[in-house]
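Data block for input-v3.cif (mmCIF, C-alpha atoms):
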```cif
data_run
loop_
_atom_site.group_PDB
_atom_site.id
_atom_site.type_symbol
_atom_site.label_atom_id
_atom_site.label_comp_id
_atom_site.auth_asym_id
_atom_site.auth_seq_id
_atom_site.Cartn_x
_atom_site.Cartn_y
_atom_site.Cartn_z
ATOM 1 C CA SER A 1 -4.977 5.815 1.376
ATOM 2 C CA ARG A 2 -7.656 7.055 -1.005
ATOM 3 C CA ALA A 3 -10.421 5.475 1.067
ATOM 4 C CA SER A 4 -11.083 8.308 3.466
ATOM 5 C CA HIS A 5 -11.566 11.919 2.467
ATOM 6 C CA GLY A 6 -13.231 13.067 5.708
ATOM 7 C CA GLY A 7 -11.859 15.276 8.462
ATOM 8 C CA ALA A 8 -8.578 14.756 10.272
ATOM 9 C CA THR A 9 -10.120 12.553 12.969
ATOM 10 C CA GLU A 10 -11.766 10.241 10.436
ATOM 11 C CA ILE A 11 -8.564 9.987 8.387
ATOM 12 C CA GLU A 12 -6.502 9.191 11.482
ATOM 13 C CA ASP A 13 -9.004 6.559 12.636
ATOM 14 C CA PHE A 14 -9.014 4.941 9.202
ATOM 15 C CA LEU A 15 -5.226 4.922 8.737
ATOM 16 C CA MET A 16 -4.428 3.749 12.249
ATOM 17 C CA GLY A 17 -7.090 1.053 11.920
ATOM 18 C CA MET A 18 -5.548 -0.120 8.659
ATOM 19 C CA HIS A 19 -2.113 -0.101 10.293
ATOM 20 C CA GLY A 20 -3.326 -2.214 13.212
ATOM 21 C CA ASN A 21 -5.108 -4.665 10.919
ATOM 22 C CA SER A 22 -2.062 -5.115 8.680
ATOM 23 C CA LEU A 23 0.854 -5.083 11.099
ATOM 24 C CA GLY A 24 1.047 -8.789 11.936
ATOM 25 C CA THR A 25 0.483 -9.919 8.359
ATOM 26 C CA ALA A 26 2.984 -7.370 7.032
ATOM 27 C CA ALA A 27 5.704 -8.422 9.465
ATOM 28 C CA ARG A 28 5.284 -12.122 8.579
ATOM 29 C CA ALA A 29 5.043 -11.557 4.830
ATOM 30 C CA ALA A 30 8.032 -9.198 4.739
ATOM 31 C CA ARG A 31 10.179 -11.954 6.255
ATOM 32 C CA GLU A 32 8.874 -14.543 3.771
ATOM 33 C CA ILE A 33 8.980 -12.560 0.510
ATOM 34 C CA ASP A 34 12.493 -12.680 -0.923
ATOM 35 C CA LEU A 35 13.608 -9.159 -1.783
ATOM 36 C CA GLY A 36 17.313 -9.999 -1.571
ATOM 37 C CA GLY A 37 19.342 -7.671 -3.776
ATOM 38 C CA ARG A 38 16.463 -5.215 -4.236
ATOM 39 C CA ARG A 39 17.304 -1.594 -3.390
ATOM 40 C CA ARG A 40 14.201 0.601 -3.880
ATOM 41 C CA LEU A 41 10.605 -0.314 -3.089
ATOM 42 C CA LEU A 42 7.518 1.694 -4.065
ATOM 43 C CA ASP A 43 4.651 1.184 -1.603
ATOM 44 C CA LEU A 44 1.779 2.418 -3.756
ATOM 45 C CA GLY A 45 -1.160 3.674 -1.710
ATOM 46 C CA GLY A 46 0.856 2.765 1.371
ATOM 47 C CA GLY A 47 -1.092 4.991 3.801
ATOM 48 C CA PRO A 48 0.592 4.863 7.201
ATOM 49 C CA GLY A 49 3.572 2.923 5.830
ATOM 50 C CA THR A 50 2.933 -0.389 7.561
ATOM 51 C CA TRP A 51 4.173 -2.506 4.664
ATOM 52 C CA ALA A 52 7.059 -0.218 3.696
ATOM 53 C CA VAL A 53 8.374 -0.274 7.267
ATOM 54 C CA GLN A 54 8.159 -4.048 7.541
ATOM 55 C CA PHE A 55 9.875 -4.614 4.182
ATOM 56 C CA VAL A 56 12.692 -2.224 5.132
ATOM 57 C CA LEU A 57 13.125 -3.826 8.564
ATOM 58 C CA ALA A 58 13.348 -7.296 6.961
ATOM 59 C CA ASN A 59 15.765 -6.194 4.205
ATOM 60 C CA PRO A 60 18.753 -4.161 5.441
ATOM 61 C CA GLY A 61 19.741 -2.829 1.992
ATOM 62 C CA LEU A 62 16.241 -1.708 1.029
ATOM 63 C CA HIS A 63 14.872 1.853 0.904
ATOM 64 C CA ALA A 64 11.152 2.507 0.417
ATOM 65 C CA THR A 65 8.952 5.309 -0.843
ATOM 66 C CA ILE A 66 5.342 5.473 0.295
ATOM 67 C CA PHE A 67 3.158 7.075 -2.392
ATOM 68 C CA ASP A 68 -0.257 8.150 -1.143
ATOM 69 C CA LEU A 69 -2.514 11.135 -0.605
ATOM 70 C CA PRO A 70 -0.754 13.955 1.257
ATOM 71 C CA THR A 71 -3.213 13.586 4.161
ATOM 72 C CA SER A 72 -1.515 10.255 4.961
ATOM 73 C CA LYS A 73 1.922 11.801 5.438
ATOM 74 C CA PRO A 74 1.746 12.703 9.177
ATOM 75 C CA PHE A 75 0.617 9.188 10.049
ATOM 76 C CA ALA A 76 3.284 7.576 7.870
ATOM 77 C CA GLU A 77 5.920 9.775 9.477
ATOM 78 C CA ARG A 78 4.711 8.663 12.906
ATOM 79 C CA ILE A 79 4.926 4.945 12.018
ATOM 80 C CA VAL A 80 8.285 5.309 10.234
ATOM 81 C CA GLY A 81 9.685 7.422 13.081
ATOM 82 C CA ALA A 82 8.604 4.921 15.717
ATOM 83 C CA ALA A 83 10.487 2.218 13.794
ATOM 84 C CA GLY A 84 13.628 4.381 13.746
ATOM 85 C CA ILE A 85 14.137 4.084 9.980
ATOM 86 C CA GLY A 86 13.330 7.591 8.761
ATOM 87 C CA ASP A 87 16.531 7.601 6.736
ATOM 88 C CA ARG A 88 15.314 4.603 4.701
ATOM 89 C CA VAL A 89 11.606 5.368 4.175
ATOM 90 C CA SER A 90 10.293 8.507 2.483
ATOM 91 C CA PHE A 91 6.831 9.760 1.587
ATOM 92 C CA THR A 92 5.664 11.231 -1.715
ATOM 93 C CA GLY A 93 2.209 12.780 -1.819
ATOM 94 C CA GLY A 94 -0.073 12.160 -4.766
ATOM 95 C CA ASP A 95 -3.115 10.357 -6.100
ATOM 96 C CA PHE A 96 -2.143 7.158 -7.882
ATOM 97 C CA THR A 97 -5.360 7.250 -9.945
ATOM 98 C CA ALA A 98 -4.546 10.669 -11.387
ATOM 99 C CA ASP A 99 -0.837 11.416 -10.966
ATOM 100 C CA GLU A 100 2.224 9.943 -12.596
ATOM 101 C CA LEU A 101 4.442 7.960 -10.256
ATOM 102 C CA PRO A 102 8.111 8.502 -9.520
ATOM 103 C CA GLY A 103 10.417 5.991 -11.169
ATOM 104 C CA GLY A 104 13.597 4.087 -10.524
ATOM 105 C CA PHE A 105 12.204 1.319 -8.324
ATOM 106 C CA ASP A 106 13.044 -2.351 -8.482
ATOM 107 C CA VAL A 107 9.984 -3.436 -6.444
ATOM 108 C CA ALA A 108 6.428 -2.093 -6.541
ATOM 109 C CA TRP A 109 4.063 -3.210 -3.757
ATOM 110 C CA LEU A 110 0.326 -2.760 -4.335
ATOM 111 C CA SER A 111 -1.587 -3.838 -1.243
ATOM 112 C CA HIS A 112 -5.358 -3.597 -1.155
ATOM 113 C CA ILE A 113 -5.638 -0.664 -3.536
ATOM 114 C CA LEU A 114 -7.238 -2.332 -6.553
ATOM 115 C CA HIS A 115 -10.385 -3.879 -5.050
ATOM 116 C CA SER A 116 -12.262 -0.581 -4.936
ATOM 117 C CA GLU A 117 -11.508 0.309 -8.562
ATOM 118 C CA GLY A 118 -13.058 -0.860 -11.824
ATOM 119 C CA PRO A 119 -11.200 -2.948 -14.404
ATOM 120 C CA ALA A 120 -10.050 0.037 -16.498
ATOM 121 C CA MET A 121 -8.631 1.905 -13.488
ATOM 122 C CA CYS A 122 -6.964 -1.289 -12.208
ATOM 123 C CA ARG A 123 -5.229 -1.682 -15.574
ATOM 124 C CA ALA A 124 -4.126 1.966 -15.444
ATOM 125 C CA ILE A 125 -2.770 1.666 -11.884
ATOM 126 C CA VAL A 126 -0.896 -1.561 -12.613
ATOM 127 C CA GLY A 127 0.475 0.010 -15.793
ATOM 128 C CA LYS A 128 1.740 3.052 -13.862
ATOM 129 C CA ALA A 129 3.353 0.786 -11.266
ATOM 130 C CA ALA A 130 5.047 -1.256 -13.999
ATOM 131 C CA ARG A 131 6.389 1.933 -15.614
ATOM 132 C CA ALA A 132 7.820 3.020 -12.242
ATOM 133 C CA LEU A 133 10.030 -0.093 -12.265
ATOM 134 C CA GLU A 134 13.512 -0.459 -13.644
ATOM 135 C CA PRO A 135 14.051 -3.339 -16.115
ATOM 136 C CA GLY A 136 13.831 -6.624 -14.213
ATOM 137 C CA GLY A 137 11.708 -5.015 -11.503
ATOM 138 C CA LEU A 138 9.241 -6.972 -9.429
ATOM 139 C CA LEU A 139 5.559 -5.984 -9.206
ATOM 140 C CA LEU A 140 3.746 -7.547 -6.240
ATOM 141 C CA VAL A 141 -0.036 -7.368 -5.757
ATOM 142 C CA HIS A 142 -1.649 -8.230 -2.412
ATOM 143 C CA GLU A 143 -5.402 -8.001 -2.785
ATOM 144 C CA PHE A 144 -8.874 -9.086 -1.756
ATOM 145 C CA ILE A 145 -10.573 -10.914 -4.602
ATOM 146 C CA LEU A 146 -14.325 -11.464 -4.657
ATOM 147 C CA ASP A 147 -15.905 -14.179 -6.760
ATOM 148 C CA ASP A 148 -18.289 -13.227 -9.576
ATOM 149 C CA SER A 149 -21.270 -13.147 -7.200
ATOM 150 C CA ARG A 150 -19.425 -10.440 -5.172
ATOM 151 C CA THR A 151 -20.580 -12.191 -1.974
ATOM 152 C CA SER A 152 -17.658 -14.479 -1.157
ATOM 153 C CA PRO A 153 -15.141 -15.320 0.165
ATOM 154 C CA ILE A 154 -16.629 -13.884 3.329
ATOM 155 C CA PHE A 155 -13.731 -11.708 4.539
ATOM 156 C CA PRO A 156 -13.277 -9.765 1.277
ATOM 157 C CA ALA A 157 -17.070 -9.371 1.025
ATOM 158 C CA LEU A 158 -17.324 -7.989 4.573
ATOM 159 C CA PHE A 159 -14.303 -5.774 4.042
ATOM 160 C CA SER A 160 -15.847 -4.342 0.870
ATOM 161 C CA LEU A 161 -19.118 -3.699 2.698
ATOM 162 C CA ASN A 162 -17.243 -1.982 5.530
ATOM 163 C CA MET A 163 -15.339 0.213 3.068
ATOM 164 C CA LEU A 164 -18.570 1.134 1.285
ATOM 165 C CA ALA A 165 -20.258 2.085 4.570
ATOM 166 C CA GLY A 166 -17.225 3.956 5.877
ATOM 167 C CA THR A 167 -16.329 5.914 2.764
#
```

Turn this file's structure into structure tokens for me.
Amino acid sequence: SRASHGGATEIEDFLMGMHGNSLGTAARAAREIDLGGRRRLLDLGGGPGTWAVQFVLANPGLHATIFDLPTSKPFAERIVGAAGIGDRVSFTGGDFTADELPGGFDVAWLSHILHSEGPAMCRAIVGKAARALEPGGLLLVHEFILDDSRTSPIFPALFSLNMLAGT
């Protein structure tokens, strides 16, 4: 995840915290989102791989690539390894705001990576994700959305404040 650029301890705390916060939601959503017939998923900014792992576990024919900063790789490998699916989930290091993305995917998953970016960067990121898809690919965005006052709904507002204070 791009959110933490501190030392190893801070990065681990951030990524493991994000994993813990997302695990239950990811497991439920992965069972409910129909990815039948899809083969390759791009988890853009996937950090520790929480979502990629849950999608792969819920879809036996699916392989996933986590694309995130290289500092996330050891934590993703730990989560993927614990799930026993290292042969179906890989990690590619890069910065999705600056680097081109690998291609050949039929699903792109963008979870909570747009809320900290401005409109122009959001358009660029979504455009890159769309270009990483094969024709007929599915682009899924899971995001906190603040209203125009930037003070509600309460959970996205508090999350944004926490991210600002922590990063």

Could you list, as an mmCIF file with C-alpha atoms, in the frame of the given file, every residue within 10 Å of Val53 of chain A, counting only C-alpha atoms and ignoring same-chain residues fewer than 2 positions away?
```cif
data_model
loop_
_atom_site.group_PDB
_atom_site.id
_atom_site.type_symbol
_atom_site.label_atom_id
_atom_site.label_comp_id
_atom_site.auth_asym_id
_atom_site.auth_seq_id
_atom_site.Cartn_x
_atom_site.Cartn_y
_atom_site.Cartn_z
ATOM 1 C CA LEU A 23 0.854 -5.083 11.099
ATOM 2 C CA ALA A 26 2.984 -7.370 7.032
ATOM 3 C CA ALA A 27 5.704 -8.422 9.465
ATOM 4 C CA ALA A 30 8.032 -9.198 4.739
ATOM 5 C CA ASP A 43 4.651 1.184 -1.603
ATOM 6 C CA PRO A 48 0.592 4.863 7.201
ATOM 7 C CA GLY A 49 3.572 2.923 5.830
ATOM 8 C CA THR A 50 2.933 -0.389 7.561
ATOM 9 C CA TRP A 51 4.173 -2.506 4.664
ATOM 10 C CA PHE A 55 9.875 -4.614 4.182
ATOM 11 C CA VAL A 56 12.692 -2.224 5.132
ATOM 12 C CA LEU A 57 13.125 -3.826 8.564
ATOM 13 C CA ALA A 58 13.348 -7.296 6.961
ATOM 14 C CA ASN A 59 15.765 -6.194 4.205
ATOM 15 C CA HIS A 63 14.872 1.853 0.904
ATOM 16 C CA ALA A 64 11.152 2.507 0.417
ATOM 17 C CA THR A 65 8.952 5.309 -0.843
ATOM 18 C CA ILE A 66 5.342 5.473 0.295
ATOM 19 C CA ALA A 76 3.284 7.576 7.870
ATOM 20 C CA ILE A 79 4.926 4.945 12.018
ATOM 21 C CA VAL A 80 8.285 5.309 10.234
ATOM 22 C CA GLY A 81 9.685 7.422 13.081
ATOM 23 C CA ALA A 82 8.604 4.921 15.717
ATOM 24 C CA ALA A 83 10.487 2.218 13.794
ATOM 25 C CA GLY A 84 13.628 4.381 13.746
ATOM 26 C CA ILE A 85 14.137 4.084 9.980
ATOM 27 C CA GLY A 86 13.330 7.591 8.761
ATOM 28 C CA ARG A 88 15.314 4.603 4.701
ATOM 29 C CA VAL A 89 11.606 5.368 4.175
#
```

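Around segment 139-156 of chain A, within 7 Å and counting all atoms listed in the file, the residues found are Val107, Ala108, Trp109, Leu110, Ser111, His112, His115, Ala130 and Ser160 of chain A, once anything fewer than 4 positions away on its own chain is removed.
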
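Selection result for the displayed file, with the PyMOL selection byres ((chain A and resi 40) around 7) as criterion, is Arg38, Arg39, Leu41, Leu42, Leu62, His63, Ala64, Phe105, Asp106 and Val107 of chain A.
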
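Using all atoms listed in the file for every distance, the candidate list A:Glu32, A:Asp87, A:Asp99, A:Glu77 yields A:Asp99 as the residue closest to Leu44 of chain A.
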
Report, in Å with one decimal, the straight-line distance from atom CA of Gly46 of chain A to atom CA of Ala29 of chain A. 15.3 Å
